[in-house]
Structure formats: structure tokens, C-alpha cells
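J.: Data file target21.cif (mmCIF, N, CA and C atoms) is appended below.
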```cif
data_structure
#
loop_
_atom_site.label_atom_id
_atom_site.label_comp_id
_atom_site.auth_asym_id
_atom_site.auth_seq_id
_atom_site.Cartn_x
_atom_site.Cartn_y
_atom_site.Cartn_z
N MET A 284 120.44 138.05 90.35
CA MET A 284 119.96 136.74 90.03
C MET A 284 118.92 136.26 91.05
N LYS A 285 119.17 136.49 92.34
CA LYS A 285 118.23 136.09 93.38
C LYS A 285 116.90 136.81 93.21
N LEU A 286 116.96 138.09 92.90
CA LEU A 286 115.74 138.88 92.74
C LEU A 286 114.92 138.35 91.58
N PHE A 287 115.57 138.05 90.46
CA PHE A 287 114.88 137.53 89.29
C PHE A 287 114.19 136.20 89.62
N PHE A 288 114.90 135.33 90.31
CA PHE A 288 114.36 134.03 90.72
C PHE A 288 113.15 134.21 91.63
N SER A 289 113.22 135.14 92.58
CA SER A 289 112.12 135.42 93.50
C SER A 289 110.91 135.95 92.77
N ILE A 290 111.14 136.80 91.80
CA ILE A 290 110.01 137.37 91.04
C ILE A 290 109.31 136.26 90.25
N ILE A 291 110.07 135.38 89.66
CA ILE A 291 109.47 134.28 88.91
C ILE A 291 108.63 133.40 89.83
N ILE A 292 109.15 133.09 91.00
CA ILE A 292 108.40 132.28 91.96
C ILE A 292 107.13 133.00 92.38
N PHE A 293 107.23 134.30 92.68
CA PHE A 293 106.07 135.07 93.10
C PHE A 293 105.02 135.11 91.99
N LEU A 294 105.45 135.44 90.77
CA LEU A 294 104.51 135.50 89.65
C LEU A 294 103.92 134.13 89.36
N GLY A 295 104.77 133.11 89.43
CA GLY A 295 104.28 131.75 89.19
C GLY A 295 103.22 131.35 90.19
N SER A 296 103.41 131.65 91.45
CA SER A 296 102.42 131.28 92.45
C SER A 296 101.15 132.12 92.29
N PHE A 297 101.27 133.38 91.91
CA PHE A 297 100.11 134.23 91.69
C PHE A 297 99.28 133.69 90.52
N ILE A 298 99.96 133.39 89.42
CA ILE A 298 99.27 132.87 88.24
C ILE A 298 98.63 131.52 88.57
N SER A 299 99.36 130.67 89.28
CA SER A 299 98.85 129.35 89.65
C SER A 299 97.60 129.47 90.51
N GLN A 300 97.59 130.39 91.47
CA GLN A 300 96.44 130.57 92.34
C GLN A 300 95.25 131.10 91.54
N LYS A 301 95.51 132.00 90.61
CA LYS A 301 94.43 132.55 89.81
C LYS A 301 93.81 131.47 88.93
N ILE A 302 94.64 130.66 88.30
CA ILE A 302 94.13 129.58 87.46
C ILE A 302 93.35 128.58 88.30
N THR A 303 93.86 128.21 89.44
CA THR A 303 93.18 127.26 90.32
C THR A 303 91.82 127.80 90.73
N ALA A 304 91.77 129.07 91.08
CA ALA A 304 90.51 129.66 91.51
C ALA A 304 89.51 129.64 90.36
N GLN A 305 89.96 129.91 89.16
CA GLN A 305 89.05 129.90 88.02
C GLN A 305 88.61 128.49 87.67
N GLU A 306 89.50 127.52 87.81
CA GLU A 306 89.14 126.14 87.50
C GLU A 306 88.08 125.60 88.44
N ASN A 307 88.00 126.11 89.64
CA ASN A 307 87.04 125.60 90.61
C ASN A 307 85.64 126.15 90.42
N LEU A 308 85.49 127.13 89.53
CA LEU A 308 84.18 127.72 89.30
C LEU A 308 83.54 127.12 88.05
N PRO A 309 82.24 126.85 88.07
CA PRO A 309 81.58 126.33 86.88
C PRO A 309 81.50 127.39 85.79
N ALA A 310 81.40 126.93 84.55
CA ALA A 310 81.35 127.87 83.42
C ALA A 310 79.94 128.41 83.24
N GLY A 311 79.86 129.69 82.95
CA GLY A 311 78.58 130.33 82.66
C GLY A 311 78.21 130.15 81.20
N LYS A 312 77.22 130.90 80.71
CA LYS A 312 76.75 130.75 79.34
C LYS A 312 77.82 131.09 78.32
N ALA A 313 78.63 132.08 78.62
CA ALA A 313 79.67 132.49 77.67
C ALA A 313 80.98 131.75 77.93
N GLY A 314 80.99 130.75 78.80
CA GLY A 314 82.19 130.01 79.10
C GLY A 314 83.06 130.66 80.15
N LYS A 315 82.57 131.74 80.76
CA LYS A 315 83.33 132.42 81.80
C LYS A 315 82.88 131.89 83.16
N PRO A 316 83.80 131.87 84.14
CA PRO A 316 83.42 131.39 85.47
C PRO A 316 82.31 132.21 86.10
N VAL A 317 81.41 131.52 86.79
CA VAL A 317 80.30 132.18 87.47
C VAL A 317 80.53 132.00 88.97
N ALA A 318 80.60 133.09 89.70
CA ALA A 318 80.94 133.04 91.12
C ALA A 318 79.77 132.65 92.02
N ASN A 319 78.54 132.78 91.56
CA ASN A 319 77.39 132.55 92.43
C ASN A 319 76.93 131.10 92.47
N GLU A 320 77.43 130.26 91.58
CA GLU A 320 76.98 128.87 91.52
C GLU A 320 77.76 128.02 92.51
N VAL A 321 77.12 126.96 93.01
CA VAL A 321 77.75 126.05 93.97
C VAL A 321 78.62 125.06 93.20
N VAL A 322 79.81 124.83 93.70
CA VAL A 322 80.76 123.92 93.07
C VAL A 322 80.76 122.60 93.85
N SER A 323 80.74 121.49 93.14
CA SER A 323 80.79 120.18 93.78
C SER A 323 82.22 119.93 94.27
N LEU A 324 82.37 119.64 95.54
CA LEU A 324 83.67 119.35 96.12
C LEU A 324 83.74 117.88 96.49
N TYR A 325 84.88 117.26 96.26
CA TYR A 325 85.01 115.87 96.63
C TYR A 325 86.42 115.58 97.13
N SER A 326 86.54 114.51 97.91
CA SER A 326 87.84 114.02 98.33
C SER A 326 87.86 112.51 98.16
N LEU A 327 89.02 111.97 97.90
CA LEU A 327 89.16 110.54 97.70
C LEU A 327 89.30 109.82 99.03
N PRO A 328 88.89 108.55 99.09
CA PRO A 328 89.12 107.77 100.30
C PRO A 328 90.61 107.66 100.58
N GLU A 329 90.96 107.46 101.84
CA GLU A 329 92.37 107.39 102.21
C GLU A 329 92.59 106.30 103.25
N TYR A 330 93.63 105.52 103.03
CA TYR A 330 94.04 104.52 104.02
C TYR A 330 94.47 105.27 105.28
N PRO A 331 94.15 104.76 106.48
CA PRO A 331 94.56 105.47 107.70
C PRO A 331 96.08 105.65 107.75
N GLY A 332 96.52 106.88 107.77
CA GLY A 332 97.95 107.17 107.78
C GLY A 332 98.54 107.39 106.40
N GLY A 333 97.74 107.19 105.37
CA GLY A 333 98.21 107.46 104.01
C GLY A 333 98.91 106.29 103.35
N GLN A 334 99.50 106.58 102.20
CA GLN A 334 100.16 105.57 101.36
C GLN A 334 101.30 104.87 102.09
N THR A 335 102.07 105.61 102.87
CA THR A 335 103.20 105.03 103.59
C THR A 335 102.73 103.96 104.57
N GLU A 336 101.65 104.25 105.29
CA GLU A 336 101.12 103.27 106.25
C GLU A 336 100.52 102.05 105.54
N MET A 337 99.90 102.28 104.38
CA MET A 337 99.35 101.15 103.63
C MET A 337 100.49 100.24 103.16
N ASN A 338 101.57 100.84 102.67
CA ASN A 338 102.72 100.04 102.24
C ASN A 338 103.28 99.24 103.41
N ALA A 339 103.34 99.85 104.60
CA ALA A 339 103.85 99.16 105.80
C ALA A 339 102.92 98.00 106.16
N PHE A 340 101.61 98.22 106.08
CA PHE A 340 100.63 97.17 106.37
C PHE A 340 100.83 95.99 105.42
N ILE A 341 100.99 96.30 104.13
CA ILE A 341 101.16 95.23 103.14
C ILE A 341 102.44 94.46 103.41
N GLN A 342 103.53 95.17 103.66
CA GLN A 342 104.80 94.50 103.94
C GLN A 342 104.71 93.60 105.16
N LYS A 343 104.03 94.07 106.20
CA LYS A 343 103.94 93.31 107.45
C LYS A 343 103.04 92.08 107.31
N ASN A 344 101.96 92.20 106.54
CA ASN A 344 100.93 91.16 106.52
C ASN A 344 100.94 90.25 105.29
N LEU A 345 101.65 90.62 104.25
CA LEU A 345 101.69 89.80 103.04
C LEU A 345 102.65 88.62 103.25
N THR A 346 102.18 87.43 102.95
CA THR A 346 103.05 86.26 103.05
C THR A 346 103.08 85.54 101.71
N MET A 347 104.26 85.08 101.35
CA MET A 347 104.41 84.30 100.13
C MET A 347 103.80 82.92 100.40
N PRO A 348 102.88 82.47 99.58
CA PRO A 348 102.31 81.13 99.79
C PRO A 348 103.41 80.08 99.86
N LYS A 349 103.37 79.25 100.88
CA LYS A 349 104.42 78.23 101.10
C LYS A 349 104.57 77.32 99.89
N LYS A 350 103.46 77.12 99.22
CA LYS A 350 103.46 76.25 98.04
C LYS A 350 104.47 76.71 96.99
N TYR A 351 104.71 78.03 96.92
CA TYR A 351 105.58 78.58 95.88
C TYR A 351 106.96 79.00 96.40
N ALA A 352 107.14 78.99 97.69
CA ALA A 352 108.40 79.48 98.28
C ALA A 352 109.61 78.72 97.73
N ALA A 353 109.49 77.42 97.53
CA ALA A 353 110.61 76.63 97.03
C ALA A 353 110.39 76.14 95.59
N ASP A 354 109.34 76.64 94.95
CA ASP A 354 109.01 76.21 93.59
C ASP A 354 109.91 76.91 92.59
N SER A 355 110.73 76.14 91.88
CA SER A 355 111.67 76.73 90.92
C SER A 355 110.98 77.30 89.69
N THR A 356 109.71 76.91 89.45
CA THR A 356 109.00 77.45 88.30
C THR A 356 108.31 78.78 88.61
N PHE A 357 108.31 79.17 89.90
CA PHE A 357 107.65 80.44 90.27
C PHE A 357 108.44 81.62 89.72
N LYS A 358 107.74 82.50 89.04
CA LYS A 358 108.35 83.71 88.53
C LYS A 358 107.70 84.90 89.23
N PRO A 359 108.46 85.97 89.51
CA PRO A 359 107.85 87.15 90.14
C PRO A 359 106.63 87.61 89.33
N CYS A 360 105.61 88.06 90.04
CA CYS A 360 104.40 88.49 89.37
C CYS A 360 103.73 89.61 90.16
N VAL A 361 102.76 90.23 89.52
CA VAL A 361 102.02 91.34 90.13
C VAL A 361 100.54 91.01 90.08
N VAL A 362 99.86 91.21 91.21
CA VAL A 362 98.41 91.00 91.27
C VAL A 362 97.74 92.37 91.37
N PHE A 363 96.79 92.62 90.48
CA PHE A 363 95.99 93.84 90.53
C PHE A 363 94.65 93.51 91.15
N VAL A 364 94.29 94.23 92.20
CA VAL A 364 93.03 93.97 92.90
C VAL A 364 92.23 95.27 92.96
N LYS A 365 90.94 95.12 92.68
CA LYS A 365 90.02 96.27 92.73
C LYS A 365 89.07 96.04 93.89
N PHE A 366 88.75 97.10 94.60
CA PHE A 366 87.78 97.00 95.69
C PHE A 366 87.08 98.33 95.83
N ILE A 367 86.01 98.33 96.61
CA ILE A 367 85.24 99.55 96.85
C ILE A 367 85.40 99.94 98.30
N VAL A 368 85.65 101.22 98.53
CA VAL A 368 85.64 101.77 99.89
C VAL A 368 84.25 102.40 100.04
N ASP A 369 83.43 101.82 100.94
CA ASP A 369 82.05 102.32 101.07
C ASP A 369 81.98 103.57 101.94
N GLU A 370 80.77 104.02 102.19
CA GLU A 370 80.53 105.26 102.92
C GLU A 370 81.06 105.23 104.35
N ASP A 371 81.21 104.02 104.90
CA ASP A 371 81.73 103.87 106.27
C ASP A 371 83.23 103.61 106.29
N GLY A 372 83.86 103.55 105.11
CA GLY A 372 85.29 103.28 105.03
C GLY A 372 85.63 101.81 104.97
N LYS A 373 84.60 100.96 104.93
CA LYS A 373 84.81 99.51 104.88
C LYS A 373 85.12 99.09 103.44
N ILE A 374 86.02 98.13 103.32
CA ILE A 374 86.36 97.59 102.00
C ILE A 374 85.36 96.50 101.65
N ILE A 375 84.75 96.64 100.48
CA ILE A 375 83.76 95.65 100.02
C ILE A 375 84.08 95.24 98.58
N GLU A 376 83.58 94.11 98.19
CA GLU A 376 83.65 93.60 96.83
C GLU A 376 85.06 93.56 96.23
N PRO A 377 86.05 93.02 96.96
CA PRO A 377 87.37 92.92 96.33
C PRO A 377 87.34 91.89 95.20
N GLN A 378 88.03 92.20 94.12
CA GLN A 378 88.11 91.26 93.02
C GLN A 378 89.46 91.38 92.32
N ILE A 379 89.97 90.27 91.88
CA ILE A 379 91.25 90.24 91.18
C ILE A 379 91.01 90.66 89.73
N LEU A 380 91.71 91.70 89.29
CA LEU A 380 91.61 92.13 87.90
C LEU A 380 92.64 91.40 87.04
N LYS A 381 93.84 91.26 87.58
CA LYS A 381 94.90 90.53 86.89
C LYS A 381 95.71 89.81 87.95
N GLY A 382 95.74 88.51 87.85
CA GLY A 382 96.45 87.71 88.85
C GLY A 382 97.75 87.14 88.33
N CYS A 383 98.33 86.29 89.14
CA CYS A 383 99.56 85.58 88.77
C CYS A 383 99.15 84.31 88.04
N PHE A 384 99.30 84.28 86.75
CA PHE A 384 98.87 83.16 85.94
C PHE A 384 99.56 81.88 86.40
N GLY A 385 98.76 80.89 86.77
CA GLY A 385 99.28 79.61 87.20
C GLY A 385 99.64 79.55 88.68
N PHE A 386 99.53 80.66 89.37
CA PHE A 386 99.88 80.72 90.80
C PHE A 386 98.70 81.32 91.58
N ASP A 387 97.59 80.58 91.58
CA ASP A 387 96.34 81.08 92.17
C ASP A 387 96.43 81.40 93.65
N GLU A 388 97.33 80.75 94.37
CA GLU A 388 97.47 81.03 95.79
C GLU A 388 97.88 82.48 96.05
N CYS A 389 98.62 83.07 95.14
CA CYS A 389 99.00 84.49 95.28
C CYS A 389 97.76 85.37 95.19
N ASP A 390 96.87 85.05 94.28
CA ASP A 390 95.61 85.80 94.15
C ASP A 390 94.79 85.69 95.44
N ARG A 391 94.70 84.49 95.99
CA ARG A 391 93.94 84.30 97.23
C ARG A 391 94.60 85.05 98.40
N GLU A 392 95.92 85.09 98.41
CA GLU A 392 96.63 85.83 99.46
C GLU A 392 96.33 87.33 99.39
N VAL A 393 96.24 87.86 98.19
CA VAL A 393 95.92 89.28 98.04
C VAL A 393 94.50 89.56 98.52
N LEU A 394 93.57 88.70 98.19
CA LEU A 394 92.18 88.87 98.66
C LEU A 394 92.14 88.80 100.19
N ARG A 395 92.89 87.87 100.78
CA ARG A 395 92.95 87.78 102.24
C ARG A 395 93.49 89.07 102.84
N LEU A 396 94.54 89.59 102.24
CA LEU A 396 95.19 90.80 102.73
C LEU A 396 94.25 92.01 102.64
N VAL A 397 93.58 92.17 101.51
CA VAL A 397 92.67 93.30 101.33
C VAL A 397 91.50 93.22 102.31
N ASN A 398 90.98 92.02 102.53
CA ASN A 398 89.88 91.86 103.49
C ASN A 398 90.31 92.12 104.93
N LYS A 399 91.60 92.03 105.19
CA LYS A 399 92.14 92.27 106.53
C LYS A 399 92.43 93.75 106.79
N MET A 400 92.43 94.57 105.75
CA MET A 400 92.76 95.99 105.91
C MET A 400 91.79 96.67 106.87
N PRO A 401 92.29 97.64 107.64
CA PRO A 401 91.39 98.40 108.52
C PRO A 401 90.48 99.31 107.69
N ARG A 402 89.49 99.88 108.36
CA ARG A 402 88.60 100.82 107.68
C ARG A 402 89.39 102.03 107.20
N TRP A 403 89.03 102.50 106.03
CA TRP A 403 89.65 103.68 105.46
C TRP A 403 88.86 104.92 105.86
N LYS A 404 89.45 106.07 105.65
CA LYS A 404 88.70 107.33 105.76
C LYS A 404 87.92 107.42 104.45
N PRO A 405 86.58 107.43 104.50
CA PRO A 405 85.81 107.42 103.25
C PRO A 405 85.98 108.71 102.46
N GLY A 406 85.78 108.59 101.17
CA GLY A 406 85.78 109.77 100.32
C GLY A 406 84.52 110.57 100.55
N THR A 407 84.56 111.84 100.20
CA THR A 407 83.37 112.68 100.34
C THR A 407 83.07 113.39 99.03
N LYS A 408 81.82 113.61 98.81
CA LYS A 408 81.35 114.39 97.67
C LYS A 408 80.30 115.34 98.22
N ASP A 409 80.52 116.62 98.03
CA ASP A 409 79.64 117.64 98.62
C ASP A 409 79.55 117.45 100.14
N HIS A 410 80.67 117.11 100.74
CA HIS A 410 80.81 116.93 102.20
C HIS A 410 80.02 115.74 102.75
N LYS A 411 79.62 114.80 101.87
CA LYS A 411 78.92 113.59 102.30
C LYS A 411 79.74 112.38 101.85
N PRO A 412 79.85 111.35 102.70
CA PRO A 412 80.60 110.15 102.31
C PRO A 412 79.97 109.48 101.08
N TYR A 413 80.83 108.89 100.24
CA TYR A 413 80.33 108.16 99.08
C TYR A 413 81.23 106.97 98.77
N LYS A 414 80.70 105.99 98.02
CA LYS A 414 81.45 104.80 97.62
C LYS A 414 82.43 105.19 96.51
N ARG A 415 83.61 104.55 96.55
CA ARG A 415 84.62 104.84 95.52
C ARG A 415 85.45 103.59 95.28
N ALA A 416 85.62 103.22 94.03
CA ALA A 416 86.43 102.06 93.67
C ALA A 416 87.92 102.43 93.66
N PHE A 417 88.74 101.46 94.07
CA PHE A 417 90.19 101.62 94.08
C PHE A 417 90.82 100.39 93.44
N THR A 418 91.94 100.57 92.80
CA THR A 418 92.72 99.45 92.29
C THR A 418 94.15 99.63 92.79
N ILE A 419 94.70 98.58 93.36
CA ILE A 419 96.09 98.60 93.79
C ILE A 419 96.78 97.37 93.22
N HIS A 420 98.09 97.39 93.19
CA HIS A 420 98.83 96.21 92.75
C HIS A 420 99.77 95.76 93.87
N ILE A 421 99.97 94.46 93.94
CA ILE A 421 100.83 93.88 94.95
C ILE A 421 101.80 92.93 94.24
N ASP A 422 103.08 93.14 94.52
CA ASP A 422 104.15 92.35 93.88
C ASP A 422 104.47 91.11 94.70
N PHE A 423 104.71 90.01 94.00
CA PHE A 423 105.17 88.77 94.63
C PHE A 423 106.53 88.41 94.05
N HIS A 424 107.46 88.14 94.92
CA HIS A 424 108.77 87.64 94.52
C HIS A 424 109.39 86.90 95.68
N ARG A 425 110.26 85.95 95.37
CA ARG A 425 110.94 85.20 96.42
C ARG A 425 112.06 86.04 97.00
N LYS A 426 112.26 85.91 98.29
CA LYS A 426 113.32 86.68 98.95
C LYS A 426 114.63 85.93 98.90
#
```
As C-alpha cells - that is how I would like this structure written.

T.:
Amino acid sequence: MKLFFSIIIFLGSFISQKITAQENLPAGKAGKPVANEVVSLYSLPEYPGGQTEMNAFIQKNLTMPKKYAADSTFKPCVVFVKFIVDEDGKIIEPQILKGCFGFDECDREVLRLVNKMPRWKPGTKDHKPYKRAFTIHIDFHRK
């Protein structure tokens, strides 16, 4: 049983590597991969320290607007914010895509938080930094 399991893992990784290698090559005239052509490589922007650090930053810096802390009509909500990480890793043009209806202070708090974020590691395309839009969501609820 162990041998069979090992063979499946070995074959699976071999097939996976072969498929990945072929996917990275552009298609030739007959639809077959061409090895001599240059492939565009890119990476996405990244918050310093990754997703875990971004979550920690949000938890540490997000504050519930005092106006709603004791408001019995406040219902938990989610704010979706879009922003651009520019070539230098700076966050620019943050905008609320979907806010907390009737609770505008939450939207303003998210914009404040996003503007306070440190510079990100910029994304690259063909080994050169480039602008990339991101959308994240931030939950609001009373503790």
C-alpha cells in the first residue's frame, strides 16, 4: 500500500511539473508550445509580511466609529474598498465599492485605514514594477 501511494505521488508530481512547464510556454502556429519565445512573467503586489501581517495591521488599527458603538440600530456590515498599488508600492486612489448603508463613518474609517497602510512590495511584470488594483473587504461589528 505504501509503495502504491508513493508511486501515485511521484507520477502526480511528474505530470504536474510537465503540465506547468507546458503552460508557461506560448503556443506556436499549430498550438504546440514554442521553447524559443519569451514568456511574460509577473508577480502580484504583496503587503509587507503577507496576508497574516495585513490582517494584524487591520485588527490593530481599525476602530469602530464611536457614533455607532452604542447605536442599537447598527447592524454588522462589510466595506469593500478598491485601491491601486503603484510602481513604488504606495497605495493610491482608494475608493469604496460597497459600504455600510446608512453608516458612512465606517466607510470613512476604512479609507483612513487604507491610507495609513505601509508601502507594499510592488507587483512586477517582465521583472519591472507595475500598477495593480486590489480589492479587500473589512468587517464591522460591535464587540

J.: Determine which residues of range 317-425 of chain A receive a DSSP assignment of strand (DSSP E), computed from the backbone, and state them as number ranges by chain.

T.: A: 325-326, 360-368, 374-381, 406-408, 411-413, 415-423

J.: Given the choices A:Cys389, A:Leu396, A:Val368, A:Ala353, which gets closest to Tyr413 in chain A if the distance is worked out from only N, CA and C atoms?

T.: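 The shortest atom-to-atom distance to Tyr413 in chain A comes from A:Val368.
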
J.: Report as a VMD selection string all protein, DNA and RNA residues lying within 6.5 Å of Pro401 in chain A, evaluated on only N, CA and C atoms, omitting residues in the same chain fewer than 5 positions from it.

T.: chain A and resid 372 to 374

J.: Could you write out as number ranges by chain the residues that the PyMOL selection byres ((chain A and resi 424) around 7) matches in the shown file?

T.: A: 358-360, 422-423, 425-426

J.: Enter the distance from atom C of His420 in chain A to atom C of Val393 in chain A, in Å, rounded to one decimal.

T.: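 Calculated distance between atom C of His420 in chain A and atom C of Val393 in chain A is 9.4 Å.
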
J.: Skipping near chain neighbours, those fewer than 4 positions away, what residues fall within 8 Å of Glu392 in chain A using only C-alpha atoms, listed as a ChimeraX atom specification?

T.: /A:345-348,388,396

J.: Selection in question (the file shown): the PyMOL selection byres (((chain A and resi 382 and name CA) around 7) and name CA). Which residues does it include, as a compact mmCIF listing (two decimals) with N, CA and C atoms, keeping the file's coordinate frame?

T.:
```txt
# COMPACT_ATOMS: atom_id res chain seq x y z
N VAL A 361 102.76 90.23 89.52
CA VAL A 361 102.02 91.34 90.13
C VAL A 361 100.54 91.01 90.08
N VAL A 362 99.86 91.21 91.21
CA VAL A 362 98.41 91.00 91.27
C VAL A 362 97.74 92.37 91.37
N PHE A 363 96.79 92.62 90.48
CA PHE A 363 95.99 93.84 90.53
C PHE A 363 94.65 93.51 91.15
N ILE A 379 89.97 90.27 91.88
CA ILE A 379 91.25 90.24 91.18
C ILE A 379 91.01 90.66 89.73
N LEU A 380 91.71 91.70 89.29
CA LEU A 380 91.61 92.13 87.90
C LEU A 380 92.64 91.40 87.04
N LYS A 381 93.84 91.26 87.58
CA LYS A 381 94.90 90.53 86.89
C LYS A 381 95.71 89.81 87.95
N CYS A 383 98.33 86.29 89.14
CA CYS A 383 99.56 85.58 88.77
C CYS A 383 99.15 84.31 88.04
N PHE A 384 99.30 84.28 86.75
CA PHE A 384 98.87 83.16 85.94
C PHE A 384 99.56 81.88 86.40
N ASP A 390 96.87 85.05 94.28
CA ASP A 390 95.61 85.80 94.15
C ASP A 390 94.79 85.69 95.44
```

J.: For the file shown, report as an mmCIF file with N, CA and C atoms, in the coordinates of the input the outcome of the PyMOL selection byres ((chain A and resi 404) around 6) at residue level.

T.:
```cif
data_model
loop_
_atom_site.group_PDB
_atom_site.id
_atom_site.type_symbol
_atom_site.label_atom_id
_atom_site.label_comp_id
_atom_site.auth_asym_id
_atom_site.auth_seq_id
_atom_site.Cartn_x
_atom_site.Cartn_y
_atom_site.Cartn_z
ATOM 1 N N PRO A 328 88.890 108.550 99.090
ATOM 2 C CA PRO A 328 89.120 107.770 100.300
ATOM 3 C C PRO A 328 90.610 107.660 100.580
ATOM 4 N N GLU A 329 90.960 107.460 101.840
ATOM 5 C CA GLU A 329 92.370 107.390 102.210
ATOM 6 C C GLU A 329 92.590 106.300 103.250
ATOM 7 N N TYR A 330 93.630 105.520 103.030
ATOM 8 C CA TYR A 330 94.040 104.520 104.020
ATOM 9 C C TYR A 330 94.470 105.270 105.280
ATOM 10 N N PRO A 331 94.150 104.760 106.480
ATOM 11 C CA PRO A 331 94.560 105.470 107.700
ATOM 12 C C PRO A 331 96.080 105.650 107.750
ATOM 13 N N GLY A 372 83.860 103.550 105.110
ATOM 14 C CA GLY A 372 85.290 103.280 105.030
ATOM 15 C C GLY A 372 85.630 101.810 104.970
ATOM 16 N N ARG A 402 89.490 99.880 108.360
ATOM 17 C CA ARG A 402 88.600 100.820 107.680
ATOM 18 C C ARG A 402 89.390 102.030 107.200
ATOM 19 N N TRP A 403 89.030 102.500 106.030
ATOM 20 C CA TRP A 403 89.650 103.680 105.460
ATOM 21 C C TRP A 403 88.860 104.920 105.860
ATOM 22 N N PRO A 405 86.580 107.430 104.500
ATOM 23 C CA PRO A 405 85.810 107.420 103.250
ATOM 24 C C PRO A 405 85.980 108.710 102.460
ATOM 25 N N GLY A 406 85.780 108.590 101.170
ATOM 26 C CA GLY A 406 85.780 109.770 100.320
ATOM 27 C C GLY A 406 84.520 110.570 100.550
#
```

J.: Mind checking DSSP for range 355-419 of chain A and telling me the alpha helix (DSSP H) residues as a list of chain:residue names?

T.: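 The alpha helix (DSSP H) subset of range 355-419 of chain A is A:Asp387, A:Glu388, A:Cys389, A:Asp390, A:Arg391, A:Glu392, A:Val393, A:Leu394, A:Arg395, A:Leu396, A:Val397, A:Asn398, A:Lys399.
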
J.: Could you work out an axis-aligned bounding box for all listed atoms of range 361-367 of chain A, with 8 Å added on each of the six sides, and give its centre and edge lengths in Å to one decimal, as JSON?

T.:
```
{"center_x": 94.0, "center_y": 95.1, "center_z": 93.9, "size_x": 33.5, "size_y": 25.7, "size_z": 24.8}
```

J.: Restricting the calculation to only N, CA and C atoms, which member of A:Met337, A:Ile419, A:Val397, A:Ala352 is positioned closest to Ile375 in chain A?

T.: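 So, comparing all the options, the nearest one is A:Val397.
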
J.: With distances taken over only N, CA and C atoms, which of A:Lys399, A:Ile341, A:Leu394, A:Lys408 is nearest to Val364 in chain A?

T.: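 Result for the nearest residue to Val364 in chain A: A:Leu394.
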
J.: Tell me, in Å to one decimal, how far atom C of Lys411 in chain A is from atom N of Gln342 in chain A.

T.: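 It comes out at 29.4 Å.
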
J.: Hey, can you check how far atom C of Lys349 in chain A sits from atom C of Ile421 in chain A?

T.: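 For atom C of Lys349 in chain A relative to atom C of Ile421 in chain A, the distance reads 16.8 Å.
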